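Novice: Here you go, work-v7.csv (CSV, C-alpha atoms and all ligand atoms):
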chain,number,residue,atom,x,y,z
Q,1,MET,CA,17.9,18.2,-5.0
Q,2,LYS,CA,16.4,15.1,-6.7
Q,3,ALA,CA,12.7,14.4,-6.3
Q,4,ALA,CA,10.3,11.8,-7.5
Q,5,LEU,CA,7.6,14.0,-9.0
Q,6,CYS,CA,4.0,13.6,-10.1
Q,7,ARG,CA,3.2,16.2,-12.8
Q,8,GLN,CA,0.1,14.5,-14.2
Q,9,PHE,CA,-2.5,12.1,-12.7
Q,10,GLY,CA,-2.1,8.4,-13.5
Q,11,GLY,CA,-0.5,5.2,-12.2
Q,12,PRO,CA,3.1,4.8,-11.0
Q,13,GLU,CA,4.3,5.3,-14.6
Q,14,VAL,CA,3.7,9.0,-14.3
Q,15,ILE,CA,6.4,9.4,-11.7
Q,16,GLU,CA,9.5,11.2,-13.0
Q,17,ILE,CA,12.8,11.8,-11.2
Q,18,ASP,CA,13.9,15.4,-11.6
Q,19,ASP,CA,15.8,18.3,-10.0
Q,20,LEU,CA,14.1,20.9,-7.8
Q,21,PRO,CA,15.8,23.9,-6.1
Q,22,ASP,CA,16.8,23.1,-2.5
Q,23,PRO,CA,14.0,24.3,-0.2
Q,24,ASP,CA,14.3,27.0,2.4
Q,25,PRO,CA,12.4,26.5,5.7
Q,26,ALA,CA,9.8,29.2,6.5
Q,27,GLU,CA,9.1,30.3,10.1
Q,28,GLY,CA,8.4,27.3,12.3
Q,29,GLU,CA,9.6,24.8,9.7
Q,30,VAL,CA,12.8,22.7,9.3
Q,31,VAL,CA,14.3,21.0,6.3
Q,32,VAL,CA,15.0,17.3,6.8
Q,33,ASP,CA,17.5,15.4,4.6
Q,34,VAL,CA,15.3,12.4,3.9
Q,35,GLY,CA,17.0,9.1,4.7
Q,36,ALA,CA,13.9,7.0,4.2
Q,37,VAL,CA,10.3,7.6,3.1
Q,38,SER,CA,7.6,4.9,3.5
Q,39,LEU,CA,4.9,4.5,0.9
Q,40,ASN,CA,1.3,3.5,1.6
Q,41,PHE,CA,-1.7,2.3,-0.4
Q,42,PHE,CA,-3.0,5.9,-0.5
Q,43,ASP,CA,0.1,7.0,-2.4
Q,44,THR,CA,-1.2,5.0,-5.3
Q,45,LEU,CA,-4.5,6.9,-5.0
Q,46,ILE,CA,-3.1,10.5,-4.5
Q,47,ILE,CA,-1.1,10.2,-7.8
Q,48,ARG,CA,-4.4,9.2,-9.5
Q,49,ASN,CA,-6.4,12.1,-8.0
Q,50,LYS,CA,-8.5,9.5,-6.2
Q,51,TYR,CA,-7.6,10.6,-2.6
Q,52,GLN,CA,-9.1,13.1,-0.2
Q,53,TYR,CA,-5.9,15.2,-0.3
Q,54,LYS,CA,-5.2,17.0,-3.6
Q,55,PRO,CA,-1.8,18.7,-3.7
Q,56,ASP,CA,-0.8,21.0,-6.5
Q,57,PHE,CA,1.6,19.8,-9.3
Q,58,PRO,CA,4.4,19.0,-9.1
Q,59,PHE,CA,4.3,17.0,-5.9
Q,60,SER,CA,6.0,13.9,-4.6
Q,61,PRO,CA,4.2,10.9,-3.1
Q,62,GLY,CA,5.4,9.8,0.3
Q,63,ALA,CA,3.7,10.8,3.5
Q,64,GLU,CA,6.0,9.6,6.3
Q,65,ILE,CA,9.7,10.3,6.5
Q,66,ALA,CA,12.8,9.8,8.6
Q,67,GLY,CA,16.1,11.7,8.3
Q,68,ARG,CA,18.3,14.4,9.7
Q,69,VAL,CA,17.5,18.1,10.3
Q,70,SER,CA,19.6,20.2,7.9
Q,71,ALA,CA,18.1,23.7,8.2
Q,72,LEU,CA,16.1,25.5,10.8
Q,73,GLY,CA,13.5,28.2,10.0
Q,74,ALA,CA,13.0,31.3,12.2
Q,75,GLY,CA,11.5,30.7,15.6
Q,76,VAL,CA,12.3,27.0,15.7
Q,77,SER,CA,13.4,25.7,19.1
Q,78,GLY,CA,13.8,22.4,20.7
Q,79,VAL,CA,15.4,20.7,17.7
Q,80,ALA,CA,19.0,20.8,16.6
Q,81,LEU,CA,20.8,20.7,13.2
Q,82,GLY,CA,21.9,17.1,12.5
Q,83,GLU,CA,19.2,15.6,14.9
Q,84,ARG,CA,17.5,12.4,13.6
Q,85,VAL,CA,13.8,12.8,13.3
Q,86,MET,CA,10.7,11.3,11.8
Q,87,ALA,CA,7.4,13.0,10.7
Q,88,TYR,CA,4.1,12.5,9.0
Q,89,ILE,CA,3.9,15.2,6.3
Q,90,GLY,CA,1.0,14.0,4.0
Q,91,TRP,CA,3.0,14.2,0.7
Q,92,ASN,CA,6.3,15.5,-0.7
Q,93,GLY,CA,8.4,12.8,1.1
Q,94,ALA,CA,9.9,11.1,-1.9
Q,95,ARG,CA,12.7,13.7,-2.4
Q,96,GLU,CA,16.1,14.3,-1.0
Q,97,LYS,CA,15.0,17.2,1.2
Q,98,ALA,CA,11.5,17.7,2.8
Q,99,VAL,CA,10.1,20.7,4.5
Q,100,VAL,CA,8.4,19.8,7.8
Q,101,PRO,CA,6.6,21.9,10.5
Q,102,ALA,CA,8.9,21.6,13.6
Q,103,ALA,CA,5.8,20.7,15.6
Q,104,ALA,CA,5.4,17.5,13.6
Q,105,LEU,CA,8.8,16.1,14.4
Q,106,ALA,CA,9.5,13.2,16.7
Q,107,PRO,CA,13.1,12.1,17.7
Q,108,ILE,CA,14.5,8.7,16.6
Q,109,PRO,CA,16.6,6.7,19.0
Q,110,ASP,CA,20.1,5.5,17.8
Q,111,SER,CA,19.0,1.9,17.8
Q,112,VAL,CA,16.1,2.5,15.3
Q,113,SER,CA,17.0,2.8,11.6
Q,114,ASP,CA,15.6,5.5,9.2
Q,115,ALA,CA,13.9,2.7,7.2
Q,116,VAL,CA,12.0,1.4,10.3
Q,117,ALA,CA,11.3,4.9,11.7
Q,118,SER,CA,9.9,6.2,8.4
Q,119,GLY,CA,7.2,3.6,8.5
Q,120,LEU,CA,5.9,4.1,12.1
Q,121,SER,CA,3.6,7.1,11.5
Q,122,VAL,CA,0.7,6.0,9.3
Q,123,THR,CA,0.2,2.2,9.7
Q,124,PHE,CA,1.5,1.8,13.2
Q,125,GLY,CA,-0.2,5.0,14.3
Q,126,THR,CA,-3.4,3.7,12.8
Q,127,ALA,CA,-3.0,0.3,14.6
Q,128,MET,CA,-2.5,2.1,18.0
Q,129,HIS,CA,-5.4,4.5,17.4
Q,130,GLY,CA,-7.6,1.7,16.0
Q,131,LEU,CA,-6.9,-1.1,18.5
Q,132,CYS,CA,-6.4,1.0,21.7
Q,133,ASP,CA,-8.3,4.3,21.4
Q,134,ARG,CA,-11.2,3.1,19.2
Q,135,GLY,CA,-11.2,-0.7,19.8
Q,136,ARG,CA,-10.6,-0.8,23.5
Q,137,LEU,CA,-8.5,-4.0,23.0
Q,138,ALA,CA,-7.7,-5.8,26.2
Q,139,ALA,CA,-5.0,-8.4,26.7
Q,140,GLY,CA,-6.3,-11.9,26.1
Q,141,GLU,CA,-8.9,-10.8,23.6
Q,142,THR,CA,-9.0,-12.2,20.0
Q,143,VAL,CA,-8.4,-9.9,17.1
Q,144,ALA,CA,-9.0,-10.9,13.4
Q,145,VAL,CA,-7.0,-8.8,10.9
Q,146,LEU,CA,-8.2,-8.7,7.3
Q,147,GLY,CA,-5.5,-7.9,4.7
Q,148,ALA,CA,-3.1,-9.1,7.4
Q,149,SER,CA,0.1,-9.0,5.3
Q,150,GLY,CA,-0.3,-5.5,3.9
Q,151,GLY,CA,1.2,-2.3,5.4
Q,152,ALA,CA,-1.8,-1.5,7.7
Q,153,GLY,CA,-2.7,-5.1,8.4
Q,154,LEU,CA,0.8,-6.3,9.3
Q,155,ALA,CA,1.2,-3.3,11.7
Q,156,ALA,CA,-2.1,-4.3,13.3
Q,157,VAL,CA,-0.9,-7.9,13.7
Q,158,GLN,CA,2.3,-6.8,15.3
Q,159,ILE,CA,0.7,-4.2,17.6
Q,160,ALA,CA,-2.2,-6.5,18.6
Q,161,LYS,CA,0.4,-9.2,19.5
Q,162,ARG,CA,2.5,-6.8,21.5
Q,163,LEU,CA,-0.7,-5.8,23.4
Q,164,GLY,CA,-1.3,-9.4,24.4
Q,165,ALA,CA,-4.1,-10.3,22.1
Q,166,ARG,CA,-4.6,-13.6,20.3
Q,167,VAL,CA,-4.2,-12.7,16.6
Q,168,ILE,CA,-6.0,-14.3,13.6
Q,169,ALA,CA,-4.6,-13.2,10.3
Q,170,ALA,CA,-6.8,-13.3,7.2
Q,171,ALA,CA,-5.2,-12.8,3.7
Q,172,SER,CA,-5.4,-14.1,0.2
Q,173,SER,CA,-2.5,-16.5,-0.2
Q,174,PRO,CA,-0.3,-19.0,1.9
Q,175,GLU,CA,2.7,-16.8,1.3
Q,176,LYS,CA,1.0,-13.7,2.7
Q,177,LEU,CA,-0.2,-15.7,5.7
Q,178,GLU,CA,3.3,-17.0,6.3
Q,179,ILE,CA,4.5,-13.4,6.6
Q,180,ALA,CA,1.7,-12.7,9.1
Q,181,ARG,CA,2.6,-15.8,11.2
Q,182,ALA,CA,6.3,-14.8,11.1
Q,183,ASN,CA,5.3,-11.4,12.5
Q,184,GLY,CA,3.1,-12.7,15.4
Q,185,ALA,CA,-0.2,-14.1,14.1
Q,186,ASP,CA,-1.3,-17.1,16.0
Q,187,GLU,CA,-3.8,-18.4,13.4
Q,188,ALA,CA,-4.2,-17.9,9.7
Q,189,ILE,CA,-7.2,-17.9,7.3
Q,190,ASP,CA,-6.8,-17.9,3.5
Q,191,TYR,CA,-10.0,-16.0,2.6
Q,192,ALA,CA,-9.4,-16.7,-1.1
Q,193,LYS,CA,-10.1,-20.4,-0.4
Q,194,GLU,CA,-11.8,-20.6,3.0
Q,195,ASP,CA,-15.1,-19.3,4.4
Q,196,LEU,CA,-14.0,-16.3,6.5
Q,197,LYS,CA,-17.0,-16.4,8.8
Q,198,GLU,CA,-16.9,-20.1,9.5
Q,199,GLU,CA,-13.2,-20.1,10.0
Q,200,ILE,CA,-13.2,-17.2,12.5
Q,201,LYS,CA,-16.0,-18.9,14.4
Q,202,SER,CA,-14.3,-22.3,14.4
Q,203,LEU,CA,-11.0,-20.7,15.7
Q,204,THR,CA,-12.9,-19.0,18.5
Q,205,GLY,CA,-15.0,-21.9,19.7
Q,206,GLY,CA,-18.1,-20.4,18.0
Q,207,ALA,CA,-17.9,-17.1,20.0
Q,208,GLY,CA,-16.5,-15.0,17.2
Q,209,ALA,CA,-13.6,-12.4,17.4
Q,210,ASP,CA,-13.6,-9.6,20.0
Q,211,VAL,CA,-12.1,-7.2,17.5
Q,212,ILE,CA,-12.1,-7.2,13.7
Q,213,TYR,CA,-9.5,-5.0,12.0
Q,214,ASP,CA,-10.8,-4.6,8.5
Q,215,CYS,CA,-8.4,-3.0,6.0
Q,216,VAL,CA,-10.0,-4.6,2.9
Q,217,GLY,CA,-13.8,-4.0,2.8
Q,218,GLY,CA,-15.4,-5.4,-0.4
Q,219,PRO,CA,-16.8,-9.0,0.0
Q,220,TYR,CA,-15.1,-9.7,3.4
Q,221,SER,CA,-16.6,-7.1,5.8
Q,222,GLU,CA,-20.0,-8.7,6.2
Q,223,PRO,CA,-18.8,-12.2,6.8
Q,224,ALA,CA,-16.3,-10.8,9.3
Q,225,LEU,CA,-19.0,-8.9,11.1
Q,226,ARG,CA,-21.1,-12.1,11.2
Q,227,ALA,CA,-18.1,-13.6,13.0
Q,228,THR,CA,-17.8,-10.8,15.6
Q,229,ALA,CA,-18.3,-11.8,19.3
Q,230,TRP,CA,-21.1,-10.5,21.5
Q,231,GLY,CA,-19.9,-7.0,22.7
Q,232,GLY,CA,-17.2,-7.0,20.0
Q,233,ARG,CA,-15.8,-4.0,18.1
Q,234,PHE,CA,-15.6,-4.0,14.3
Q,235,LEU,CA,-13.0,-1.5,13.2
Q,236,VAL,CA,-13.5,0.1,9.8
Q,237,ILE,CA,-10.0,0.8,8.6
Q,238,GLY,CA,-10.1,0.9,4.8
Q,239,PHE,CA,-11.4,-0.4,1.5
Q,240,ALA,CA,-8.4,-1.7,-0.4
Q,241,ALA,CA,-10.7,-4.1,-2.3
Q,242,GLY,CA,-12.4,-1.0,-3.8
Q,243,ASP,CA,-16.1,-1.6,-2.9
Q,244,ILE,CA,-17.5,0.0,0.2
Q,245,PRO,CA,-19.8,-2.6,1.8
Q,246,LYS,CA,-23.4,-1.8,2.9
Q,247,ILE,CA,-24.0,-3.5,6.2
Q,248,PRO,CA,-27.4,-4.9,7.5
Q,249,LEU,CA,-27.8,-3.0,10.8
Q,250,ASN,CA,-29.7,-5.9,12.5
Q,251,LEU,CA,-26.3,-7.6,12.8
Q,252,LEU,CA,-25.1,-5.0,15.3
Q,253,LEU,CA,-28.3,-5.4,17.3
Q,254,LEU,CA,-28.1,-9.1,17.4
Q,255,LYS,CA,-24.4,-9.1,18.5
Q,256,GLY,CA,-24.6,-6.2,20.8
Q,257,CYS,CA,-21.5,-5.1,19.0
Q,258,ASP,CA,-20.0,-1.7,17.9
Q,259,MET,CA,-19.0,-0.8,14.4
Q,260,VAL,CA,-16.3,1.9,14.8
Q,261,GLY,CA,-14.8,4.2,12.3
Q,262,VAL,CA,-11.0,4.8,12.5
Q,263,PHE,CA,-9.6,7.8,10.7
Q,264,TRP,CA,-6.0,8.3,11.8
Q,265,GLY,CA,-5.3,11.4,9.7
Q,266,SER,CA,-8.1,13.3,11.2
Q,267,PHE,CA,-7.2,12.0,14.7
Q,268,THR,CA,-3.7,13.4,14.3
Q,269,GLU,CA,-5.1,16.9,13.5
Q,270,ARG,CA,-7.7,16.8,16.3
Q,271,HIS,CA,-5.6,15.2,19.0
Q,272,PRO,CA,-1.9,15.7,18.1
Q,273,ASP,CA,-0.8,15.0,21.7
Q,274,ARG,CA,-2.5,11.7,21.9
Q,275,ASN,CA,-1.1,10.6,18.5
Q,276,ALA,CA,2.4,11.7,19.6
Q,277,ALA,CA,2.0,9.5,22.7
Q,278,ASN,CA,1.0,6.6,20.6
Q,279,ILE,CA,4.0,7.0,18.3
Q,280,ALA,CA,6.4,7.5,21.2
Q,281,GLN,CA,5.1,4.2,22.6
Q,282,VAL,CA,5.7,2.4,19.3
Q,283,MET,CA,9.1,4.0,19.0
Q,284,GLU,CA,10.0,2.8,22.5
Q,285,TRP,CA,9.0,-0.8,21.7
Q,286,CYS,CA,11.2,-0.6,18.5
Q,287,ALA,CA,14.2,0.8,20.4
Q,288,LYS,CA,13.9,-2.0,23.0
Q,289,GLY,CA,13.7,-4.6,20.3
Q,290,GLU,CA,10.1,-5.6,21.5
Q,291,LEU,CA,8.7,-4.6,18.1
Q,292,ASP,CA,10.4,-5.3,14.7
Q,293,PRO,CA,8.4,-3.7,11.9
Q,294,HIS,CA,8.5,-5.8,8.8
Q,295,ILE,CA,9.9,-4.1,5.7
Q,296,HIS,CA,8.9,-5.5,2.3
Q,297,GLY,CA,11.9,-3.9,0.6
Q,298,GLU,CA,14.1,-0.8,0.3
Q,299,PHE,CA,14.2,1.1,-3.0
Q,300,SER,CA,16.4,3.9,-4.3
Q,301,LEU,CA,14.7,7.3,-5.2
Q,302,ASN,CA,15.2,6.3,-8.8
Q,303,GLU,CA,13.1,3.2,-8.2
Q,304,THR,CA,10.1,5.1,-6.6
Q,305,LYS,CA,7.9,4.0,-9.6
Q,306,ALA,CA,8.8,0.3,-9.0
Q,307,ALA,CA,8.1,0.7,-5.3
Q,308,LEU,CA,4.6,2.1,-6.0
Q,309,GLU,CA,4.0,-0.7,-8.5
Q,310,VAL,CA,4.6,-3.3,-5.7
Q,311,ILE,CA,1.7,-1.7,-3.8
Q,312,ASP,CA,-0.4,-1.3,-7.0
Q,313,ARG,CA,0.0,-5.1,-7.7
Q,314,ARG,CA,-1.4,-6.0,-4.2
Q,315,GLU,CA,2.0,-7.5,-3.4
Q,316,ALA,CA,3.2,-5.3,-0.5
Q,317,LYS,CA,4.1,-7.2,2.6
Q,318,GLY,CA,4.7,-4.8,5.4
Q,319,LYS,CA,6.3,-1.4,4.6
Q,320,VAL,CA,7.6,-0.4,1.2
Q,321,VAL,CA,10.5,2.0,1.8
Q,322,VAL,CA,12.3,4.4,-0.6
Q,323,CYS,CA,15.7,5.6,0.6
Q,324,PRO,CA,16.6,8.9,-1.1
Q,401,LIG,N1,-8.4,4.4,8.5
Q,401,LIG,C1,-7.2,4.9,8.4
Q,401,LIG,O1,-6.8,5.9,9.1
Q,401,LIG,C2,-6.2,4.2,7.5
Q,401,LIG,C3,-4.8,4.4,7.7
Q,401,LIG,C4,-3.9,3.7,6.9
Q,401,LIG,C5,-4.4,2.9,5.9
Q,401,LIG,N2,-5.8,2.8,5.7
Q,401,LIG,C6,-6.4,2.1,4.6
Q,401,LIG,O2,-6.1,0.7,4.8
Q,401,LIG,C7,-6.1,0.0,3.6
Q,401,LIG,C8,-4.8,-0.8,3.4
Q,401,LIG,O3,-3.7,0.1,3.3
Q,401,LIG,P1,-2.2,-0.5,3.2
Q,401,LIG,O4,-1.3,0.7,3.1
Q,401,LIG,O5,-2.1,-1.5,4.2
Q,401,LIG,O6,-2.3,-1.2,1.7
Q,401,LIG,P2,-1.5,-2.5,1.2
Q,401,LIG,O7,-0.2,-2.6,1.9
Q,401,LIG,O8,-1.5,-2.4,-0.3
Q,401,LIG,O9,-2.4,-3.7,1.7
Q,401,LIG,C9,-3.7,-3.8,1.3
Q,401,LIG,C10,-4.2,-5.2,1.4
Q,401,LIG,O10,-5.6,-5.2,1.0
Q,401,LIG,C11,-5.8,-6.5,0.4
Q,401,LIG,N3,-6.6,-6.3,-0.9
Q,401,LIG,C12,-7.8,-6.9,-1.2
Q,401,LIG,N4,-8.2,-6.5,-2.3
Q,401,LIG,C13,-7.3,-5.7,-2.8
Q,401,LIG,C14,-7.2,-4.9,-4.1
Q,401,LIG,N5,-8.2,-5.0,-5.0
Q,401,LIG,N6,-6.1,-4.2,-4.3
Q,401,LIG,C15,-5.2,-4.0,-3.3
Q,401,LIG,N7,-5.2,-4.7,-2.1
Q,401,LIG,C16,-6.3,-5.5,-1.9
Q,401,LIG,C17,-4.5,-7.1,0.1
Q,401,LIG,O11,-4.4,-8.3,0.9
Q,401,LIG,P3,-4.9,-9.7,0.4
Q,401,LIG,O12,-4.3,-9.9,-1.0
Q,401,LIG,O13,-4.4,-10.6,1.4
Q,401,LIG,O14,-6.4,-9.6,0.3
Q,401,LIG,C18,-3.4,-6.1,0.6
Q,401,LIG,O15,-2.4,-6.8,1.3
Q,401,LIG,C19,-6.3,1.1,2.5
Q,401,LIG,O16,-7.6,1.2,2.1
Q,401,LIG,C20,-5.8,2.4,3.2
Q,401,LIG,O17,-6.4,3.5,2.7
Q,401,LIG,C21,-6.6,3.5,6.5
Take the structure from the file and write it as structure tokens.

Specialist:
Amino acid sequence: MKAALCRQFGGPEVIEIDDLPDPDPAEGEVVVDVGAVSLNFFDTLIIRNKYQYKPDFPFSPGAEIAGRVSALGAGVSGVALGERVMAYIGWNGAREKAVVPAAALAPIPDSVSDAVASGLSVTFGTAMHGLCDRGRLAAGETVAVLGASGGAGLAAVQIAKRLGARVIAAASSPEKLEIARANGADEAIDYAKEDLKEEIKSLTGGAGADVIYDCVGGPYSEPALRATAWGGRFLVIGFAAGDIPKIPLNLLLLKGCDMVGVFWGSFTERHPDRNAANIAQVMEWCAKGELDPHIHGEFSLNETKAALEVIDRREAKGKVVVCP
């Protein structure tokens, strides 16, 4: 099989396309012929040895896949050869065949494409876990999403809207905000030009946003916290800007608000059933046409490097998908 391989640490330029022997599934595992693999910001970190997971060489980037089951390991039941499935596997997704624990599989309805299904685990799973489990979002509340056009941010915009929230998108250019609006955002703030705190306050009649979904960190977290409503929830999602902000704790006291950590990967390990229920809900919305995840673009396996470069250049709008 062909695989996009990382054999040394570095940027997207280190990725090579090469042949590997077809894998055999061990007990409890299946082989999936990968139709699509979605890439995430952390794929640009894992190939640089800057991520918490450190797979052995050679490995493929790509943590979330969709495709068809092509081989069953011993003891596997409840899944059939040829069945369409999706899974979160951490890495080794950008290849023609991936080995997956059978317990990690979820079925894909006929009306949902591999490209869409491949992108539902990480960013949509995080949006559900963040907004519902950790953020206690209620319909009618206001959510401000920072980095609103990226993979994690746009998923949060779409899920928050589906949950009945009023959504304020914050991003660094008019083009990015246009994508956020097209995917459900009610309001838009260009934080490269506008004052984030003042704009959120002005869009909420001075009250502030009930929920902040912060995928960016850096210079934007504190202004967003200062524009959080009394009793609000500030969700710590990620630090795409690089710097991890240090927050004055008096702001939490003054606002009677919560700062809440959201770690989807750890949540899936500790509460696999609750994550499976979240993903099943997202899949059902997609199957019914009530949720239409935005795909930045679809790349061939040979173009995996180019796909990673899109994320590296801060250009990704929604999901970046490789179709082996
Ligand atoms: N907590 C969790 O469980 C969890 C799950 C998934 C992802 N995450 C994290 O969420 C963050 C976003 O991930 P993603 O996959 O959505 O990434 P992405 O698609 O590349 O989007 C990141 C966004 O961050 C903004 N940004 C600001 N400064 C940046 C910089 N220096 N470099 C790159 N982007 C910058 C960009 O928006 P603007 O240009 O509009 O500022 C960009 O759209 C990452 O830190 C990731 O690790 C966390």

Novice: Name the closest residue to ligand LIG 401 (chain Q) among the candidates Q:Ile200, Q:Ala74, Q:Leu163, Q:Ala171; distances are taken between atoms, counting only C-alpha atoms and all ligand atoms.

Specialist: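 Counting only C-alpha atoms and all ligand atoms, the residue closest to ligand LIG 401 (chain Q) is Q:Ala171.
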
Novice: Which polymer residues have any atom within 7 Å of an atom of segment 10-23 of chain Q, counting only C-alpha atoms, with same-chain residues fewer than 6 positions away left out, as a list in words?

Specialist: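 My list of contacting residues is Met1, Lys2, Ala3, Ala4, Thr44, Ile47, Arg48, Asn302, Lys305, Leu308 and Glu309 of chain Q.
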
Novice: Could you list, as number ranges by chain, every residue within 10 Å of Phe57 of chain Q, counting all atoms listed in the file and ignoring same-chain residues fewer than 4 positions away?

Specialist: Q: 5-9

Novice: Could you save the residues just selected, with C-alpha atoms, as a PDB file, in the coordinates of the input?

Specialist:
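To be explicit, this is the file written out as part13.pdb:
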ATOM      1  CA  LEU Q   5       7.600  14.000  -9.000  1.00  0.00           C
ATOM      2  CA  CYS Q   6       4.000  13.600 -10.100  1.00  0.00           C
ATOM      3  CA  ARG Q   7       3.200  16.200 -12.800  1.00  0.00           C
ATOM      4  CA  GLN Q   8       0.100  14.500 -14.200  1.00  0.00           C
ATOM      5  CA  PHE Q   9      -2.500  12.100 -12.700  1.00  0.00           C
TER       6      PHE Q   9
END

Novice: Could you please determine the separation between atom CA of Tyr220 of chain Q and atom CA of Lys197 of chain Q in Å, to one decimal place?

Specialist: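 Atom-to-atom, atom CA of Tyr220 of chain Q and atom CA of Lys197 of chain Q are spaced 8.8 Å apart.
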
Novice: Between atom CA of Val322 of chain Q and atom CA of Asn40 of chain Q, measure the distance and give it in Å to one decimal.

Specialist: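 So the two atoms, atom CA of Val322 of chain Q and atom CA of Asn40 of chain Q, lie 11.3 Å apart.
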
Novice: Quick one: residues within 8 Å of Gly125 of chain Q, only C-alpha atoms, excluding same-chain residues fewer than 6 positions away - as a VMD selection string?

Specialist: chain Q and resid 264 275 278 to 279

Novice: Could you give me, as an mmCIF file with C-alpha atoms, in the coordinates of the input, the residues within 9 Å of Gln158 of chain Q, counting all atoms listed in the file and dropping anything in the same chain fewer than 4 positions from it?

Specialist:
data_model
loop_
_atom_site.group_PDB
_atom_site.id
_atom_site.type_symbol
_atom_site.label_atom_id
_atom_site.label_comp_id
_atom_site.auth_asym_id
_atom_site.auth_seq_id
_atom_site.Cartn_x
_atom_site.Cartn_y
_atom_site.Cartn_z
ATOM 1 C CA PHE Q 124 1.500 1.800 13.200
ATOM 2 C CA ALA Q 127 -3.000 0.300 14.600
ATOM 3 C CA GLY Q 153 -2.700 -5.100 8.400
ATOM 4 C CA LEU Q 154 0.800 -6.300 9.300
ATOM 5 C CA ARG Q 162 2.500 -6.800 21.500
ATOM 6 C CA LEU Q 163 -0.700 -5.800 23.400
ATOM 7 C CA VAL Q 167 -4.200 -12.700 16.600
ATOM 8 C CA ALA Q 180 1.700 -12.700 9.100
ATOM 9 C CA ASN Q 183 5.300 -11.400 12.500
ATOM 10 C CA GLY Q 184 3.100 -12.700 15.400
ATOM 11 C CA ALA Q 185 -0.200 -14.100 14.100
ATOM 12 C CA LEU Q 291 8.700 -4.600 18.100
ATOM 13 C CA ASP Q 292 10.400 -5.300 14.700
ATOM 14 C CA PRO Q 293 8.400 -3.700 11.900
#

Novice: Hey, which of Q:Pro101, Q:Gly318, Q:Gly265, Q:Gly62 ends up closest to Gly147 of chain Q? Count all atoms listed in the file.

Specialist: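 Among the listed residues, Q:Gly318 lies closest to Gly147 of chain Q.
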
Novice: Using only C-alpha atoms and all ligand atoms, which protein or nucleic acid residues are at most 7 Å from ligand LIG 401 (chain Q), as JSON, numbers by chain?

Specialist: {"Q": [40, 41, 42, 122, 123, 126, 147, 148, 149, 150, 151, 152, 153, 170, 171, 172, 173, 176, 215, 216, 236, 237, 238, 239, 240, 241, 242, 262, 263, 264, 265, 311, 312, 313, 314, 315, 316, 317, 318]}

Novice: Just the number, please: distance in Å from atom CA of Phe267 of chain Q to atom CA of Ser121 of chain Q, one decimal.

Specialist: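 Atom CA of Phe267 of chain Q sits 12.3 Å away from atom CA of Ser121 of chain Q.
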
Novice: Using all atoms listed in the file for the distances, tell me which of Q:Leu146, Q:Cys257, Q:Ile65, Q:Met283 is nearest to Asn92 of chain Q.

Specialist: Q:Ile65

Novice: Using all atoms listed in the file, which residues sit within 12 Å of Val100 of chain Q once same-chain residues fewer than 6 positions away are excluded, as an MDAnalysis selection string?

Specialist: chainID Q and resid 23:34 63:73 76 85:93 106

Novice: Can you work out which one of Q:Gly140, Q:Pro272, Q:Gly256, Q:Gly35 has the shortest atom-to-atom distance to Lys97 of chain Q, counting all atoms listed in the file?

Specialist: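 Looking at the shortest contact to Lys97 of chain Q, the residue is Q:Gly35.
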
Novice: Here is a test: counting only C-alpha atoms, which residue of Q:Thr304, Q:Ser221, Q:Ser266, Q:Gln281 is nearest to Tyr53 of chain Q?

Specialist: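 Residue with the minimum atom-to-atom distance to Tyr53 of chain Q: Q:Ser266.
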
Novice: Can you take segment 45-53 of chain Q from the block and write N, CA and C atoms as a PDB file, in the first residue's frame?

Specialist:
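Saved as part-v2.pdb:
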ATOM      1  N   LEU Q  45       2.076  19.589  14.237  1.00  0.00           N
ATOM      2  CA  LEU Q  45       2.931  19.521  15.434  1.00  0.00           C
ATOM      3  C   LEU Q  45       3.555  18.143  15.588  1.00  0.00           C
ATOM      4  N   ILE Q  46       2.781  17.082  15.314  1.00  0.00           N
ATOM      5  CA  ILE Q  46       3.262  15.711  15.552  1.00  0.00           C
ATOM      6  C   ILE Q  46       4.447  15.405  14.630  1.00  0.00           C
ATOM      7  N   ILE Q  47       4.440  15.962  13.409  1.00  0.00           N
ATOM      8  CA  ILE Q  47       5.569  15.706  12.488  1.00  0.00           C
ATOM      9  C   ILE Q  47       6.805  16.517  12.891  1.00  0.00           C
ATOM     10  N   ARG Q  48       6.620  17.495  13.767  1.00  0.00           N
ATOM     11  CA  ARG Q  48       7.755  18.301  14.266  1.00  0.00           C
ATOM     12  C   ARG Q  48       8.223  17.843  15.648  1.00  0.00           C
ATOM     13  N   ASN Q  49       7.607  16.763  16.164  1.00  0.00           N
ATOM     14  CA  ASN Q  49       7.909  16.295  17.537  1.00  0.00           C
ATOM     15  C   ASN Q  49       7.556  17.349  18.576  1.00  0.00           C
ATOM     16  N   LYS Q  50       6.453  18.112  18.289  1.00  0.00           N
ATOM     17  CA  LYS Q  50       6.032  19.149  19.228  1.00  0.00           C
ATOM     18  C   LYS Q  50       4.655  18.836  19.805  1.00  0.00           C
ATOM     19  N   TYR Q  51       4.244  17.579  19.742  1.00  0.00           N
ATOM     20  CA  TYR Q  51       2.911  17.211  20.225  1.00  0.00           C
ATOM     21  C   TYR Q  51       3.047  16.204  21.344  1.00  0.00           C
ATOM     22  N   GLN Q  52       1.965  16.052  22.135  1.00  0.00           N
ATOM     23  CA  GLN Q  52       2.077  15.151  23.296  1.00  0.00           C
ATOM     24  C   GLN Q  52       2.205  13.689  22.897  1.00  0.00           C
ATOM     25  N   TYR Q  53       1.692  13.299  21.721  1.00  0.00           N
ATOM     26  CA  TYR Q  53       1.853  11.920  21.241  1.00  0.00           C
ATOM     27  C   TYR Q  53       3.095  11.841  20.364  1.00  0.00           C
TER      28      TYR Q  53
END
